Amino acid sequence: MRGLHAEVERRVPDEVQAAADLELKRNGLASLQASGRMIGERFPRLTDVRARLEAMDAQGVDRQVVCASPNHFTPG
């Protein structure tokens, strides 16, 4: 994966830096202070299959679509 990131950095360094800046804004200290408790409460439903299935059952959800995070780059 390092090779891929290095290649993306080589091709579009400004976009990689903009994405890094946005990531810091999204997940930096100010964000953690504002939403850390909420994330902590919900984290098991994002990382534990059993907890997620229980939450889905409680909500009457039969299927969940999973996709890559929008901040992941691939060279085009």
# chains A, B, ... in the order shown; residues from 1 in each chain; ligands from 1

call {"tool": "select_by_dssp", "arguments": {"residues": "chain A", "states": "alpha helix (DSSP H)", "output": "PyMOL selection string"}}
result
chain A and resi 2-11+13-27+29-47+49-59

call {"tool": "atom_distance", "arguments": {"atom1": "CA of Pro44 (chain A)", "atom2": "CA of Met56 (chain A)"}}
result
12.7 Å

call {"tool": "atom_distance", "arguments": {"atom1": "CA of His5 (chain A)", "atom2": "CA of Thr47 (chain A)"}}
result
24.8 Å

call {"tool": "atom_distance", "arguments": {"atom1": "CA of Glu23 (chain A)", "atom2": "CA of Ala51 (chain A)"}}
result
26.9 Å

call {"tool": "decode", "arguments": {"residues": "region 9-37 of chain A", "atoms": "N, CA, C and O atoms", "output": "PDB file, in the first residue's frame"}}
result
ATOM      1  N   GLU A   9       0.969  10.436  -4.320  1.00  0.00           N
ATOM      2  CA  GLU A   9       1.659  11.665  -3.902  1.00  0.00           C
ATOM      3  C   GLU A   9       2.489  12.248  -5.038  1.00  0.00           C
ATOM      4  O   GLU A   9       2.542  13.454  -5.215  1.00  0.00           O
ATOM      5  N   ARG A  10       3.144  11.394  -5.802  1.00  0.00           N
ATOM      6  CA  ARG A  10       3.960  11.852  -6.922  1.00  0.00           C
ATOM      7  C   ARG A  10       3.101  12.512  -7.995  1.00  0.00           C
ATOM      8  O   ARG A  10       3.440  13.554  -8.535  1.00  0.00           O
ATOM      9  N   ARG A  11       1.946  11.916  -8.263  1.00  0.00           N
ATOM     10  CA  ARG A  11       1.085  12.428  -9.339  1.00  0.00           C
ATOM     11  C   ARG A  11       0.297  13.677  -8.947  1.00  0.00           C
ATOM     12  O   ARG A  11       0.112  14.569  -9.775  1.00  0.00           O
ATOM     13  N   VAL A  12      -0.228  13.707  -7.730  1.00  0.00           N
ATOM     14  CA  VAL A  12      -1.102  14.822  -7.318  1.00  0.00           C
ATOM     15  C   VAL A  12      -0.772  15.265  -5.891  1.00  0.00           C
ATOM     16  O   VAL A  12      -1.599  15.149  -4.991  1.00  0.00           O
ATOM     17  N   PRO A  13       0.418  15.811  -5.672  1.00  0.00           N
ATOM     18  CA  PRO A  13       0.824  16.144  -4.305  1.00  0.00           C
ATOM     19  C   PRO A  13      -0.094  17.158  -3.624  1.00  0.00           C
ATOM     20  O   PRO A  13      -0.333  17.057  -2.416  1.00  0.00           O
ATOM     21  N   ASP A  14      -0.616  18.112  -4.363  1.00  0.00           N
ATOM     22  CA  ASP A  14      -1.501  19.105  -3.756  1.00  0.00           C
ATOM     23  C   ASP A  14      -2.801  18.471  -3.264  1.00  0.00           C
ATOM     24  O   ASP A  14      -3.314  18.828  -2.205  1.00  0.00           O
ATOM     25  N   GLU A  15      -3.331  17.534  -4.024  1.00  0.00           N
ATOM     26  CA  GLU A  15      -4.557  16.860  -3.611  1.00  0.00           C
ATOM     27  C   GLU A  15      -4.319  15.960  -2.404  1.00  0.00           C
ATOM     28  O   GLU A  15      -5.175  15.859  -1.525  1.00  0.00           O
ATOM     29  N   VAL A  16      -3.164  15.328  -2.344  1.00  0.00           N
ATOM     30  CA  VAL A  16      -2.829  14.488  -1.191  1.00  0.00           C
ATOM     31  C   VAL A  16      -2.718  15.369   0.055  1.00  0.00           C
ATOM     32  O   VAL A  16      -3.233  15.014   1.121  1.00  0.00           O
ATOM     33  N   GLN A  17      -2.083  16.537  -0.071  1.00  0.00           N
ATOM     34  CA  GLN A  17      -1.959  17.436   1.067  1.00  0.00           C
ATOM     35  C   GLN A  17      -3.330  17.965   1.492  1.00  0.00           C
ATOM     36  O   GLN A  17      -3.629  18.042   2.678  1.00  0.00           O
ATOM     37  N   ALA A  18      -4.188  18.291   0.533  1.00  0.00           N
ATOM     38  CA  ALA A  18      -5.537  18.758   0.865  1.00  0.00           C
ATOM     39  C   ALA A  18      -6.317  17.671   1.602  1.00  0.00           C
ATOM     40  O   ALA A  18      -7.035  17.952   2.564  1.00  0.00           O
ATOM     41  N   ALA A  19      -6.159  16.426   1.163  1.00  0.00           N
ATOM     42  CA  ALA A  19      -6.841  15.312   1.835  1.00  0.00           C
ATOM     43  C   ALA A  19      -6.294  15.128   3.247  1.00  0.00           C
ATOM     44  O   ALA A  19      -7.060  14.863   4.177  1.00  0.00           O
ATOM     45  N   ALA A  20      -4.989  15.283   3.421  1.00  0.00           N
ATOM     46  CA  ALA A  20      -4.389  15.154   4.748  1.00  0.00           C
ATOM     47  C   ALA A  20      -4.881  16.266   5.670  1.00  0.00           C
ATOM     48  O   ALA A  20      -5.184  16.027   6.840  1.00  0.00           O
ATOM     49  N   ASP A  21      -4.989  17.476   5.130  1.00  0.00           N
ATOM     50  CA  ASP A  21      -5.504  18.600   5.921  1.00  0.00           C
ATOM     51  C   ASP A  21      -6.949  18.353   6.336  1.00  0.00           C
ATOM     52  O   ASP A  21      -7.333  18.609   7.475  1.00  0.00           O
ATOM     53  N   LEU A  22      -7.753  17.855   5.416  1.00  0.00           N
ATOM     54  CA  LEU A  22      -9.153  17.558   5.720  1.00  0.00           C
ATOM     55  C   LEU A  22      -9.249  16.449   6.758  1.00  0.00           C
ATOM     56  O   LEU A  22     -10.060  16.525   7.685  1.00  0.00           O
ATOM     57  N   GLU A  23      -8.413  15.434   6.633  1.00  0.00           N
ATOM     58  CA  GLU A  23      -8.413  14.331   7.593  1.00  0.00           C
ATOM     59  C   GLU A  23      -8.073  14.840   8.993  1.00  0.00           C
ATOM     60  O   GLU A  23      -8.697  14.431   9.968  1.00  0.00           O
ATOM     61  N   LEU A  24      -7.111  15.743   9.087  1.00  0.00           N
ATOM     62  CA  LEU A  24      -6.758  16.311  10.376  1.00  0.00           C
ATOM     63  C   LEU A  24      -7.924  17.110  10.953  1.00  0.00           C
ATOM     64  O   LEU A  24      -8.221  17.030  12.140  1.00  0.00           O
ATOM     65  N   LYS A  25      -8.615  17.839  10.093  1.00  0.00           N
ATOM     66  CA  LYS A  25      -9.780  18.607  10.550  1.00  0.00           C
ATOM     67  C   LYS A  25     -10.891  17.665  11.023  1.00  0.00           C
ATOM     68  O   LYS A  25     -11.510  17.886  12.052  1.00  0.00           O
ATOM     69  N   ARG A  26     -11.120  16.595  10.264  1.00  0.00           N
ATOM     70  CA  ARG A  26     -12.175  15.638  10.611  1.00  0.00           C
ATOM     71  C   ARG A  26     -11.859  14.839  11.862  1.00  0.00           C
ATOM     72  O   ARG A  26     -12.753  14.495  12.625  1.00  0.00           O
ATOM     73  N   ASN A  27     -10.596  14.490  12.048  1.00  0.00           N
ATOM     74  CA  ASN A  27     -10.228  13.581  13.128  1.00  0.00           C
ATOM     75  C   ASN A  27      -9.235  14.179  14.109  1.00  0.00           C
ATOM     76  O   ASN A  27      -8.665  13.453  14.914  1.00  0.00           O
ATOM     77  N   GLY A  28      -9.045  15.479  14.055  1.00  0.00           N
ATOM     78  CA  GLY A  28      -8.108  16.140  14.954  1.00  0.00           C
ATOM     79  C   GLY A  28      -8.719  16.396  16.326  1.00  0.00           C
ATOM     80  O   GLY A  28      -9.823  15.951  16.654  1.00  0.00           O
ATOM     81  N   LEU A  29      -7.999  17.144  17.143  1.00  0.00           N
ATOM     82  CA  LEU A  29      -8.394  17.387  18.517  1.00  0.00           C
ATOM     83  C   LEU A  29      -9.756  18.067  18.627  1.00  0.00           C
ATOM     84  O   LEU A  29     -10.600  17.652  19.433  1.00  0.00           O
ATOM     85  N   ALA A  30     -10.003  19.093  17.825  1.00  0.00           N
ATOM     86  CA  ALA A  30     -11.293  19.798  17.905  1.00  0.00           C
ATOM     87  C   ALA A  30     -12.451  18.858  17.591  1.00  0.00           C
ATOM     88  O   ALA A  30     -13.490  18.877  18.255  1.00  0.00           O
ATOM     89  N   SER A  31     -12.258  18.010  16.588  1.00  0.00           N
ATOM     90  CA  SER A  31     -13.303  17.049  16.226  1.00  0.00           C
ATOM     91  C   SER A  31     -13.512  16.042  17.348  1.00  0.00           C
ATOM     92  O   SER A  31     -14.651  15.707  17.701  1.00  0.00           O
ATOM     93  N   LEU A  32     -12.424  15.559  17.913  1.00  0.00           N
ATOM     94  CA  LEU A  32     -12.519  14.590  18.999  1.00  0.00           C
ATOM     95  C   LEU A  32     -13.237  15.189  20.207  1.00  0.00           C
ATOM     96  O   LEU A  32     -14.073  14.532  20.830  1.00  0.00           O
ATOM     97  N   GLN A  33     -12.937  16.432  20.513  1.00  0.00           N
ATOM     98  CA  GLN A  33     -13.602  17.088  21.639  1.00  0.00           C
ATOM     99  C   GLN A  33     -15.103  17.237  21.379  1.00  0.00           C
ATOM    100  O   GLN A  33     -15.905  17.114  22.298  1.00  0.00           O
ATOM    101  N   ALA A  34     -15.476  17.495  20.138  1.00  0.00           N
ATOM    102  CA  ALA A  34     -16.890  17.695  19.808  1.00  0.00           C
ATOM    103  C   ALA A  34     -17.656  16.384  19.692  1.00  0.00           C
ATOM    104  O   ALA A  34     -18.818  16.309  20.080  1.00  0.00           O
ATOM    105  N   SER A  35     -17.026  15.350  19.177  1.00  0.00           N
ATOM    106  CA  SER A  35     -17.789  14.132  18.885  1.00  0.00           C
ATOM    107  C   SER A  35     -17.192  12.857  19.464  1.00  0.00           C
ATOM    108  O   SER A  35     -17.695  11.766  19.186  1.00  0.00           O
ATOM    109  N   GLY A  36     -16.162  12.970  20.270  1.00  0.00           N
ATOM    110  CA  GLY A  36     -15.504  11.782  20.815  1.00  0.00           C
ATOM    111  C   GLY A  36     -16.431  10.870  21.588  1.00  0.00           C
ATOM    112  O   GLY A  36     -16.400   9.648  21.437  1.00  0.00           O
ATOM    113  N   ARG A  37     -17.273  11.440  22.442  1.00  0.00           N
ATOM    114  CA  ARG A  37     -18.195  10.614  23.230  1.00  0.00           C
ATOM    115  C   ARG A  37     -19.166   9.847  22.320  1.00  0.00           C
ATOM    116  O   ARG A  37     -19.393   8.658  22.511  1.00  0.00           O
TER     117      ARG A  37
END
